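Containing mmCIF, C-alpha atoms: run-v5.cif.
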```
data_model
loop_
_atom_site.label_atom_id
_atom_site.label_comp_id
_atom_site.auth_asym_id
_atom_site.auth_seq_id
_atom_site.Cartn_x
_atom_site.Cartn_y
_atom_site.Cartn_z
CA MET A 1 38.85 33.79 136.64
CA SER A 2 40.41 34.37 140.06
CA PRO A 3 43.48 36.43 140.36
CA ARG A 4 46.87 34.59 140.63
CA GLY A 5 48.02 33.99 144.06
CA SER A 6 44.57 33.95 145.59
CA ASP A 7 43.83 30.99 147.90
CA SER A 8 40.14 30.97 147.49
CA SER A 9 38.85 29.11 144.49
CA PRO A 10 36.41 31.06 142.44
CA ALA A 11 32.89 29.93 142.58
CA PRO A 12 31.60 28.37 139.40
CA ASP A 13 29.14 30.50 137.60
CA ILE A 14 26.71 30.03 134.76
CA TYR A 15 29.42 30.19 132.12
CA VAL A 16 31.25 27.24 133.65
CA GLY A 17 27.98 25.33 133.35
CA LEU A 18 27.70 26.48 129.76
CA LEU A 19 31.22 25.18 129.11
CA PHE A 20 30.29 21.79 130.56
CA VAL A 21 27.22 21.74 128.39
CA SER A 22 29.40 22.64 125.42
CA LEU A 23 31.81 19.80 126.36
CA ALA A 24 28.96 17.34 126.56
CA ALA A 25 27.72 18.49 123.14
CA LEU A 26 31.19 18.09 121.65
CA LEU A 27 31.57 14.60 123.12
CA THR A 28 28.14 13.62 121.82
CA GLY A 29 28.98 14.93 118.36
CA ILE A 30 32.32 13.08 118.41
CA ILE A 31 30.58 9.84 119.41
CA PHE A 32 28.11 10.25 116.52
CA LEU A 33 30.95 10.79 114.09
CA VAL A 34 32.95 7.85 115.54
CA LEU A 35 29.94 5.58 115.12
CA GLU A 36 29.46 6.87 111.59
CA LEU A 37 33.08 6.26 110.75
CA GLY A 38 32.84 2.74 112.23
CA LYS A 39 30.16 1.96 109.65
CA TYR A 40 32.74 2.63 106.93
CA GLY A 41 35.35 0.48 108.62
CA TRP A 42 37.49 3.41 109.51
CA LYS A 43 38.38 3.90 105.83
CA VAL A 44 38.13 7.41 104.65
CA ALA A 45 39.15 6.85 101.04
CA PRO A 46 37.68 4.00 98.98
CA MET B 1 35.33 37.25 133.09
CA THR B 2 35.37 39.76 130.43
CA PHE B 3 32.53 40.40 128.18
CA LEU B 4 34.41 38.94 125.26
CA GLY B 5 35.01 35.72 127.22
CA LYS B 6 31.38 35.44 127.96
CA VAL B 7 30.55 36.01 124.29
CA LEU B 8 33.07 33.39 123.27
CA VAL B 9 31.63 30.93 125.82
CA VAL B 10 28.17 31.45 124.41
CA VAL B 11 29.42 31.19 120.83
CA HIS B 12 31.34 28.09 121.79
CA LEU B 13 28.21 26.65 123.32
CA VAL B 14 26.12 27.44 120.27
CA LEU B 15 28.66 26.00 117.90
CA SER B 16 29.04 22.86 120.07
CA VAL B 17 25.31 22.37 120.09
CA MET B 18 25.18 22.88 116.32
CA PHE B 19 28.07 20.41 115.87
CA MET B 20 26.20 17.86 117.99
CA ALA B 21 23.01 18.50 116.06
CA PHE B 22 24.69 18.08 112.68
CA ALA B 23 26.59 14.98 113.85
CA GLY B 24 23.36 13.45 115.15
CA ALA B 25 21.60 14.36 111.94
CA VAL B 26 24.37 12.76 109.91
CA TYR B 27 24.32 9.63 112.07
CA THR B 28 20.58 9.21 111.96
CA ALA B 29 19.73 10.33 108.46
CA GLN B 30 22.78 9.19 106.54
CA THR B 31 22.85 6.47 103.89
CA ASN B 32 25.57 3.79 103.96
CA TRP B 33 26.93 4.45 100.50
CA ARG B 34 29.53 1.72 100.86
CA LYS B 35 26.93 -0.98 101.34
CA GLN B 36 24.96 0.55 98.55
CA SER B 37 28.05 0.51 96.36
CA GLU B 38 28.83 -3.11 97.14
CA ALA B 39 25.25 -4.09 96.51
CA ASP B 40 25.31 -2.18 93.27
CA LYS B 41 28.57 -3.88 92.32
CA LYS B 42 27.07 -7.30 93.05
CA ALA B 43 23.99 -6.37 91.11
CA LEU B 44 26.22 -5.14 88.30
CA GLN B 45 28.23 -8.39 88.31
CA THR B 46 25.04 -10.39 88.37
CA ALA B 47 23.66 -8.31 85.54
CA GLN B 48 26.92 -8.70 83.62
CA SER B 49 26.87 -12.45 84.16
CA SER B 50 23.27 -12.58 83.10
CA SER B 51 24.08 -10.41 80.15
CA GLN B 52 27.01 -12.63 79.18
CA ALA B 53 24.90 -15.73 79.52
CA GLU B 54 22.18 -14.09 77.53
CA GLN B 55 24.73 -13.07 74.91
CA ASP B 56 26.05 -16.62 74.76
CA ARG B 57 22.54 -17.96 74.52
CA LEU B 58 21.73 -15.45 71.85
CA LYS B 59 24.92 -16.32 69.99
CA ALA B 60 24.04 -19.98 70.15
CA GLN B 61 20.53 -19.14 69.08
CA VAL B 62 21.94 -17.04 66.25
CA GLU B 63 24.13 -19.97 65.19
CA ASP B 64 21.19 -22.34 65.41
CA LEU B 65 19.05 -19.95 63.47
CA THR B 66 21.84 -19.56 60.92
CA LYS B 67 22.09 -23.31 60.55
CA GLU B 68 18.34 -23.55 60.40
CA ARG B 69 18.32 -20.83 57.79
CA ASP B 70 20.95 -22.69 55.78
CA GLY B 71 18.98 -25.88 56.16
CA LEU B 72 15.83 -24.11 55.13
CA ASN B 73 17.65 -22.66 52.17
CA ASN B 74 18.78 -26.12 51.21
CA ASP B 75 15.26 -27.39 51.75
CA LYS B 76 14.02 -24.54 49.67
CA GLN B 77 16.38 -25.48 46.87
CA ALA B 78 15.43 -29.13 47.21
CA LEU B 79 11.76 -28.22 47.24
CA THR B 80 12.31 -26.01 44.23
CA GLY B 81 13.88 -28.96 42.47
CA GLN B 82 10.99 -31.15 43.63
CA VAL B 83 8.55 -28.60 42.36
CA THR B 84 10.28 -28.69 39.00
CA THR B 85 10.34 -32.46 39.03
CA LEU B 86 6.74 -32.68 40.16
CA THR B 87 5.74 -30.23 37.50
CA ALA B 88 7.39 -32.40 34.89
CA GLU B 89 5.83 -35.45 36.54
CA ASN B 90 2.47 -33.74 36.53
CA THR B 91 2.85 -33.00 32.84
CA ARG B 92 3.82 -36.59 32.20
CA LEU B 93 0.93 -37.83 34.29
CA ASP B 94 -1.42 -35.60 32.36
CA ASN B 95 -0.17 -37.18 29.18
CA ASP B 96 -0.48 -40.60 30.77
CA ASN B 97 -3.96 -39.72 31.91
CA LYS B 98 -4.90 -38.85 28.37
CA GLY B 99 -3.40 -42.11 27.18
CA LEU B 100 -5.21 -43.99 29.95
CA LYS B 101 -8.46 -42.37 29.01
CA THR B 102 -7.94 -43.57 25.48
CA THR B 103 -7.01 -46.99 26.83
CA ALA B 104 -10.08 -46.95 29.06
CA ASP B 105 -12.26 -46.23 26.09
CA THR B 106 -10.61 -49.06 24.25
CA GLN B 107 -10.98 -51.35 27.26
CA ARG B 108 -14.61 -50.34 27.58
CA THR B 109 -15.18 -51.36 23.99
CA ILE B 110 -13.28 -54.57 24.65
CA ALA B 111 -15.38 -55.13 27.77
CA GLU B 112 -18.54 -54.73 25.76
CA LEU B 113 -17.23 -57.24 23.27
CA ALA B 114 -16.20 -59.49 26.15
CA SER B 115 -19.69 -59.17 27.60
CA GLN B 116 -21.17 -60.25 24.32
CA GLU B 117 -18.66 -63.06 24.16
CA ALA B 118 -19.59 -64.02 27.72
CA GLU B 119 -23.23 -64.23 26.72
CA GLU B 120 -22.28 -66.44 23.83
CA ARG B 121 -20.11 -68.50 26.13
CA LEU B 122 -23.01 -68.79 28.54
CA LYS B 123 -25.14 -70.18 25.79
CA GLU B 124 -22.32 -72.48 24.81
CA ALA B 125 -21.91 -73.48 28.45
CA GLN B 126 -25.57 -74.41 28.61
CA VAL B 127 -25.09 -76.55 25.55
CA GLN B 128 -21.94 -78.04 27.03
CA ARG B 129 -23.77 -78.63 30.30
CA ALA B 130 -26.41 -80.64 28.50
CA ARG B 131 -23.65 -82.49 26.73
CA ASN B 132 -21.92 -82.98 30.07
CA VAL B 133 -25.06 -84.62 31.41
CA GLU B 134 -24.96 -87.02 28.49
CA LEU B 135 -21.26 -87.61 29.05
CA ASN B 136 -21.92 -88.25 32.73
CA LYS B 137 -24.45 -90.84 31.75
CA SER B 138 -22.00 -92.44 29.37
CA ARG B 139 -19.32 -92.18 32.04
CA ASP B 140 -21.56 -93.95 34.51
CA GLU B 141 -22.11 -96.63 31.96
CA ALA B 142 -18.37 -96.80 31.36
CA VAL B 143 -17.77 -96.99 35.09
CA SER B 144 -20.23 -99.83 35.34
CA ALA B 145 -18.51 -101.54 32.41
CA LEU B 146 -15.17 -100.88 34.04
CA ALA B 147 -16.43 -102.45 37.25
CA GLY B 148 -17.51 -105.45 35.22
CA GLU B 149 -14.11 -105.58 33.55
CA ARG B 150 -12.46 -105.31 36.91
CA ASP B 151 -14.53 -108.22 38.09
CA LYS B 152 -13.41 -110.11 35.01
CA ILE B 153 -9.81 -109.13 35.72
CA PHE B 154 -10.21 -110.27 39.27
CA GLY B 155 -11.57 -113.57 38.05
CA LEU B 156 -8.73 -113.86 35.54
CA GLU B 157 -6.23 -113.06 38.23
CA LEU B 158 -7.71 -115.81 40.32
CA GLN B 159 -7.42 -118.13 37.35
CA MET B 160 -3.88 -116.94 36.74
CA ASN B 161 -2.97 -117.59 40.35
CA GLN B 162 -4.47 -121.03 40.08
CA ALA B 163 -2.57 -121.57 36.83
CA ARG B 164 0.61 -120.31 38.43
CA THR B 165 0.12 -122.70 41.31
CA LYS B 166 -0.55 -125.46 38.82
CA TYR B 167 2.50 -124.38 36.84
CA ASP B 168 4.69 -124.54 39.91
CA GLN B 169 3.30 -127.95 40.70
CA LEU B 170 3.97 -129.04 37.15
CA LEU B 171 7.52 -127.75 37.39
CA LYS B 172 7.98 -129.80 40.51
CA ASP B 173 6.41 -132.81 38.82
CA ASN B 174 8.63 -132.24 35.80
CA ALA B 175 11.71 -132.10 37.94
CA THR B 176 10.60 -135.24 39.74
CA MET B 177 9.96 -136.97 36.42
CA ARG B 178 13.31 -135.90 35.04
CA ALA B 179 14.99 -137.22 38.14
CA TYR B 180 13.03 -140.43 37.80
CA LEU B 181 13.94 -140.77 34.11
CA ALA B 182 17.56 -140.07 34.83
CA ALA B 183 17.52 -142.65 37.61
CA ASN B 184 16.14 -145.19 35.15
CA SER B 185 18.69 -144.28 32.41
CA LEU B 186 16.00 -142.75 30.20
CA PRO B 187 16.51 -139.58 28.11
CA THR B 188 15.43 -136.34 29.74
CA ASP B 189 15.92 -134.11 26.68
CA VAL B 190 12.56 -132.94 25.39
CA ARG B 191 13.75 -132.95 21.78
CA ARG B 192 14.76 -136.59 22.02
CA MET B 193 11.44 -137.31 23.66
CA THR B 194 9.65 -135.45 20.86
CA VAL B 195 11.64 -137.33 18.26
CA SER B 196 10.82 -140.62 19.91
CA VAL B 197 7.14 -139.64 20.21
CA SER B 198 6.78 -138.13 16.70
CA PRO B 199 8.93 -140.02 14.17
CA PRO B 200 9.81 -138.28 10.93
CA PRO B 201 7.51 -138.70 7.94
CA ASP B 202 8.58 -140.79 4.98
CA LEU B 203 10.50 -138.51 2.63
CA ASP B 204 13.63 -138.31 0.55
CA GLY B 205 16.13 -135.57 0.21
CA GLU B 206 19.47 -134.62 -1.17
CA ILE B 207 22.73 -133.52 0.35
CA LEU B 208 23.36 -130.00 -0.88
CA GLU B 209 26.77 -129.66 0.72
CA ALA B 210 29.08 -131.60 2.99
CA ARG B 211 31.71 -129.87 5.06
CA LYS B 212 34.02 -131.09 7.76
CA GLU B 213 34.30 -129.23 11.03
CA THR B 214 37.27 -126.88 11.15
CA LYS B 215 38.26 -127.87 14.69
CA GLY B 216 37.25 -131.44 15.33
CA ASN B 217 36.39 -134.42 13.23
CA ARG B 218 32.62 -134.03 12.77
CA LEU B 219 31.10 -133.80 9.29
CA PHE B 220 28.20 -131.43 8.72
CA VAL B 221 25.85 -131.77 5.78
CA GLU B 222 23.24 -129.43 4.38
CA LEU B 223 20.02 -131.16 3.35
CA SER B 224 17.33 -130.10 0.89
CA VAL B 225 14.45 -130.89 3.27
CA GLY B 226 13.26 -128.85 6.25
CA SER B 227 10.49 -128.15 8.70
CA ASP B 228 7.98 -127.66 5.87
CA ASP B 229 8.47 -131.37 5.19
CA GLY B 230 7.71 -132.30 8.82
CA LEU B 231 11.27 -132.56 10.13
CA ILE B 232 12.34 -131.37 13.55
CA VAL B 233 15.66 -131.12 15.35
CA GLY B 234 16.76 -134.55 16.52
CA HIS B 235 15.33 -136.56 13.67
CA THR B 236 17.83 -138.90 12.03
CA MET B 237 18.05 -139.65 8.34
CA THR B 238 19.93 -142.31 6.41
CA ALA B 239 22.45 -141.30 3.76
CA TYR B 240 22.89 -143.53 0.75
CA ARG B 241 24.27 -143.50 -2.75
CA GLY B 242 22.43 -145.77 -5.14
CA ASP B 243 21.86 -148.88 -3.04
CA LYS B 244 24.86 -148.34 -0.82
CA PHE B 245 24.42 -147.31 2.83
CA LEU B 246 26.73 -144.41 3.68
CA GLY B 247 25.77 -143.44 7.23
CA ARG B 248 23.30 -141.72 9.51
CA VAL B 249 22.73 -138.01 9.94
CA ARG B 250 21.07 -136.30 12.97
CA LEU B 251 19.44 -132.94 12.30
CA GLU B 252 20.87 -130.07 14.38
CA ASP B 253 19.32 -127.04 12.68
CA VAL B 254 16.05 -127.13 10.78
CA ARG B 255 14.84 -124.36 8.51
CA PRO B 256 11.58 -124.32 6.53
CA ASP B 257 13.16 -125.43 3.27
CA LYS B 258 16.46 -126.94 4.36
CA SER B 259 18.27 -128.26 7.36
CA VAL B 260 21.74 -128.96 8.67
CA GLY B 261 22.73 -132.25 10.23
CA VAL B 262 25.80 -133.89 11.67
CA VAL B 263 26.99 -137.31 10.63
CA ILE B 264 26.68 -139.61 13.64
CA GLU B 265 27.42 -142.93 11.90
CA THR B 266 29.47 -143.72 8.83
CA ALA B 267 29.65 -146.98 6.94
CA PRO B 268 33.11 -148.47 6.63
CA ASN B 269 35.09 -147.33 3.61
CA SER B 270 32.49 -144.77 2.55
CA VAL B 271 32.45 -140.96 2.42
CA ILE B 272 29.33 -138.85 2.44
CA GLN B 273 29.53 -136.23 -0.26
CA LYS B 274 27.53 -133.65 -2.08
CA ASP B 275 24.63 -134.96 -4.21
CA ASP B 276 24.23 -138.08 -2.06
CA HIS B 277 20.68 -138.87 -0.99
CA VAL B 278 19.03 -139.05 2.42
CA THR B 279 15.83 -140.72 3.45
CA THR B 280 13.78 -141.44 6.53
CA ARG B 281 12.35 -144.69 5.23
CA PHE B 282 15.02 -146.95 6.71
#
```

Structure re-expressed in structure tokens:
Amino acid sequence: MSPRGSDSSPAPDIYVGLLFVSLAALLTGIIFLVLELGKYGWKVAP
Amino acid sequence: MTFLGKVLVVVHLVLSVMFMAFAGAVYTAQTNWRKQSEADKKALQTAQSSSQAEQDRLKAQVEDLTKERDGLNNDKQALTGQVTTLTAENTRLDNDNKGLKTTADTQRTIAELASQEAEERLKEAQVQRARNVELNKSRDEAVSALAGERDKIFGLELQMNQARTKYDQLLKDNATMRAYLAANSLPTDVRRMTVSVSPPPDLDGEILEARKETKGNRLFVELSVGSDDGLIVGHTMTAYRGDKFLGRVRLEDVRPDKSVGVVIETAPNSVIQKDDHVTTRF
């Protein structure tokens, strides 16, 4: 995190990459769950 | 970045990866329980339908079997009755069989007697056959005689036909003669002809009774002479009393011992009475 008021944008580090990886994993998991829910017709309760 | 932020980033990463892994596992290894449930429901409905149909079929089968059982019970009762009847019939037939055996023995004895009788009849038949031969001979003779008689009959028929033809011819001749006699004013009555051909014999008689006709004026007299004396119808006799001529009488009915005549001529002033005399001499 760069201090407020600084003009130079901080350089992305390994943790930013880890966050992107984490985002991709979350999106992938959400897609799996969406596809799974589509099999049930978007009905949670019978 | 603080150390805590870094730890949180790593934890966040780990948890995200784990979330992805679990979600992928769920997506790939899950079972669609809804489809399974619907399939099971359909299978259940199918099974229920099959079960219902099977129950109906079994009910119908039970009803059929019940009816069949009732029918069999009825048949059983009927057969029981038949058994009873047949038992009684069997008993009766046994009795009949005994009676028939007795009858058979009797018939056997009768048959033996009949056989003996047949032998006797055979002997008698041989005798009758010989007699039949004799009868055939006599029949042949009778047939021959019959043929001869038939020939005689045929000859007689021929003679009869000839006589009939002659008779017809004579009838024609008679009619012709009668016509001829009538044309010549000659009598055609056979009795008058007979009287003229055969005159009465000479005989005397007596008037047994004299009676006048009830309707008419003719006088009938009964005479004491008849056909035994040679008189026939049509002859005339003279009535007299003493030496007096009384009249003439023509015979109308002649019996063997007497006759009846009608007065055809009367002398003037004279009456023919009972006990007067008649004669054929004048």

Q: Enter the distance from CA of Leu171 (chain B) to CA of His235 (chain B), in Å, rounded to one decimal.
A: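 One can read the CA of Leu171 (chain B) to CA of His235 (chain B) distance as 26.5 Å.
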
Q: Tell me the residues of chain B close to chain A, meaning within 7 Å using only C-alpha atoms, as a ChimeraX atom specification.
A: /B:1,6,9,12-13,16-17,19-20,23-24,27,34

(Q) Here is a test: counting only C-alpha atoms, which residue of B:Leu93, B:Met237, B:Ala175, B:Val14 is nearest to Pro199 (chain B)? (A)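 Of B:Leu93, B:Met237, B:Ala175, B:Val14, the one nearest Pro199 (chain B) is B:Met237, counting only C-alpha atoms.
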
**Q.** Selection near Lys212 (chain B), 10 Å with all atoms listed in the file, sequence-local residues under 5 positions removed, as a VMD selection string
**A.** chain B and resid 217 to 221 262 to 263

Q: In Å, rounded to a single decimal, give me how far CA of Arg121 (chain B) is from CA of Glu134 (chain B).
A: 19.3 Å

Q) Between B:Ile232, B:Ala267, B:Val278, B:Leu146, which is the closest to Glu252 (chain B) once you count only C-alpha atoms? A) B:Ile232

Q: Find the spatial neighbours of Asp253 (chain B), counting only C-alpha atoms, within a cut-off of 12 Å - ignore same-chain residues fewer than 3 positions away - and output them as a list in words.
A: Phe220, Val221, Glu222, Leu223, Val225, Gly226, Ser227, Leu231, Ile232, Val233, Gly234, His235, Thr236, Val249, Arg250, Pro256, Asp257, Lys258, Ser259, Val260, Gly261 and Val262 of chain B

Those selected residues, please, written with C-alpha atoms and delivered as a PDB file, in the frame of the given file.
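The resulting file, part-v3.pdb, is shown below:
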```
ATOM      1  CA  PHE B 220      28.200-131.430   8.720  1.00  0.00           C
ATOM      2  CA  VAL B 221      25.850-131.770   5.780  1.00  0.00           C
ATOM      3  CA  GLU B 222      23.240-129.430   4.380  1.00  0.00           C
ATOM      4  CA  LEU B 223      20.020-131.160   3.350  1.00  0.00           C
ATOM      5  CA  VAL B 225      14.450-130.890   3.270  1.00  0.00           C
ATOM      6  CA  GLY B 226      13.260-128.850   6.250  1.00  0.00           C
ATOM      7  CA  SER B 227      10.490-128.150   8.700  1.00  0.00           C
ATOM      8  CA  LEU B 231      11.270-132.560  10.130  1.00  0.00           C
ATOM      9  CA  ILE B 232      12.340-131.370  13.550  1.00  0.00           C
ATOM     10  CA  VAL B 233      15.660-131.120  15.350  1.00  0.00           C
ATOM     11  CA  GLY B 234      16.760-134.550  16.520  1.00  0.00           C
ATOM     12  CA  HIS B 235      15.330-136.560  13.670  1.00  0.00           C
ATOM     13  CA  THR B 236      17.830-138.900  12.030  1.00  0.00           C
ATOM     14  CA  VAL B 249      22.730-138.010   9.940  1.00  0.00           C
ATOM     15  CA  ARG B 250      21.070-136.300  12.970  1.00  0.00           C
ATOM     16  CA  PRO B 256      11.580-124.320   6.530  1.00  0.00           C
ATOM     17  CA  ASP B 257      13.160-125.430   3.270  1.00  0.00           C
ATOM     18  CA  LYS B 258      16.460-126.940   4.360  1.00  0.00           C
ATOM     19  CA  SER B 259      18.270-128.260   7.360  1.00  0.00           C
ATOM     20  CA  VAL B 260      21.740-128.960   8.670  1.00  0.00           C
ATOM     21  CA  GLY B 261      22.730-132.250  10.230  1.00  0.00           C
ATOM     22  CA  VAL B 262      25.800-133.890  11.670  1.00  0.00           C
TER      23      VAL B 262
END
```

Can you tell me, as AutoDock Vina command-line options, the centre and edge lengths (Å, one decimal) of the axis-aligned box enclosing all of region 21-30 of chain A's listed atoms after padding each side by 5 Å?
```
--center_x 29.8 --center_y 17.9 --center_z 123.4 --size_x 15.1 --size_y 19.6 --size_z 20.0
```

Q: Please provide as a PyMOL selection string all residues within 10 Å of Asp275 (chain B), with the sequence filter that same-chain residues fewer than 5 positions apart are discarded (counting all atoms listed in the file).
A: chain B and resi 205-210+223+241

Q) For the atom pair CA of Trp42 (chain A) and CA of Lys42 (chain B), what is the interatomic distance in Å to one decimal place? A) 22.2 Å

Dump region 88-118 of chain B with N, CA and C atoms to a file, as a compact mmCIF listing (two decimals), in the first residue's frame.
```txt
# COMPACT_ATOMS: atom_id res chain seq x y z
N ALA B 88 -76.69 -97.31 -6.07
CA ALA B 88 -77.99 -97.99 -6.08
C ALA B 88 -78.20 -98.72 -7.40
N GLU B 89 -77.79 -98.04 -8.50
CA GLU B 89 -77.93 -98.66 -9.83
C GLU B 89 -77.07 -99.92 -9.93
N ASN B 90 -75.88 -99.82 -9.36
CA ASN B 90 -74.98 -100.97 -9.38
C ASN B 90 -75.60 -102.14 -8.62
N THR B 91 -76.20 -101.79 -7.46
CA THR B 91 -76.86 -102.85 -6.68
C THR B 91 -78.00 -103.47 -7.48
N ARG B 92 -78.77 -102.57 -8.14
CA ARG B 92 -79.89 -103.08 -8.93
C ARG B 92 -79.39 -103.92 -10.10
N LEU B 93 -78.28 -103.44 -10.71
CA LEU B 93 -77.74 -104.20 -11.84
C LEU B 93 -77.18 -105.54 -11.39
N ASP B 94 -76.61 -105.55 -10.17
CA ASP B 94 -76.17 -106.84 -9.65
C ASP B 94 -77.35 -107.81 -9.51
N ASN B 95 -78.43 -107.26 -8.98
CA ASN B 95 -79.62 -108.11 -8.85
C ASN B 95 -80.11 -108.56 -10.22
N ASP B 96 -80.11 -107.56 -11.15
CA ASP B 96 -80.54 -107.91 -12.51
C ASP B 96 -79.61 -108.95 -13.11
N ASN B 97 -78.32 -108.79 -12.83
CA ASN B 97 -77.35 -109.74 -13.37
C ASN B 97 -77.63 -111.15 -12.85
N LYS B 98 -77.96 -111.20 -11.56
CA LYS B 98 -78.30 -112.51 -11.02
C LYS B 98 -79.54 -113.07 -11.71
N GLY B 99 -80.54 -112.17 -11.88
CA GLY B 99 -81.76 -112.62 -12.56
C GLY B 99 -81.46 -113.05 -13.99
N LEU B 100 -80.56 -112.26 -14.66
CA LEU B 100 -80.23 -112.59 -16.04
C LEU B 100 -79.45 -113.90 -16.12
N LYS B 101 -78.63 -114.13 -15.13
CA LYS B 101 -77.92 -115.41 -15.13
C LYS B 101 -78.92 -116.56 -15.04
N THR B 102 -79.89 -116.38 -14.16
CA THR B 102 -80.93 -117.40 -14.04
C THR B 102 -81.68 -117.55 -15.36
N THR B 103 -82.01 -116.37 -15.95
CA THR B 103 -82.70 -116.40 -17.24
C THR B 103 -81.85 -117.06 -18.31
N ALA B 104 -80.53 -116.76 -18.26
CA ALA B 104 -79.63 -117.36 -19.24
C ALA B 104 -79.59 -118.87 -19.10
N ASP B 105 -79.58 -119.31 -17.86
CA ASP B 105 -79.62 -120.76 -17.66
C ASP B 105 -80.91 -121.34 -18.23
N THR B 106 -82.00 -120.63 -17.93
CA THR B 106 -83.28 -121.10 -18.46
C THR B 106 -83.26 -121.10 -19.98
N GLN B 107 -82.73 -119.99 -20.55
CA GLN B 107 -82.69 -119.88 -22.02
C GLN B 107 -81.78 -120.94 -22.60
N ARG B 108 -80.71 -121.27 -21.87
CA ARG B 108 -79.81 -122.30 -22.36
C ARG B 108 -80.55 -123.65 -22.43
N THR B 109 -81.32 -123.89 -21.38
CA THR B 109 -82.11 -125.13 -21.39
C THR B 109 -83.12 -125.10 -22.53
N ILE B 110 -83.75 -123.91 -22.69
CA ILE B 110 -84.72 -123.79 -23.78
C ILE B 110 -84.03 -123.97 -25.13
N ALA B 111 -82.79 -123.42 -25.23
CA ALA B 111 -82.06 -123.55 -26.49
C ALA B 111 -81.73 -125.00 -26.78
N GLU B 112 -81.38 -125.73 -25.73
CA GLU B 112 -81.12 -127.16 -25.94
C GLU B 112 -82.37 -127.86 -26.44
N LEU B 113 -83.50 -127.50 -25.79
CA LEU B 113 -84.76 -128.10 -26.23
C LEU B 113 -85.08 -127.69 -27.66
N ALA B 114 -84.79 -126.38 -27.94
CA ALA B 114 -85.04 -125.89 -29.31
C ALA B 114 -84.15 -126.60 -30.31
N SER B 115 -82.90 -126.89 -29.89
CA SER B 115 -82.00 -127.62 -30.78
C SER B 115 -82.55 -129.00 -31.08
N GLN B 116 -83.03 -129.64 -30.04
CA GLN B 116 -83.63 -130.96 -30.26
C GLN B 116 -84.85 -130.85 -31.17
N GLU B 117 -85.63 -129.80 -30.89
CA GLU B 117 -86.82 -129.59 -31.73
C GLU B 117 -86.41 -129.30 -33.17
N ALA B 118 -85.29 -128.54 -33.33
CA ALA B 118 -84.82 -128.25 -34.68
C ALA B 118 -84.41 -129.52 -35.40
```
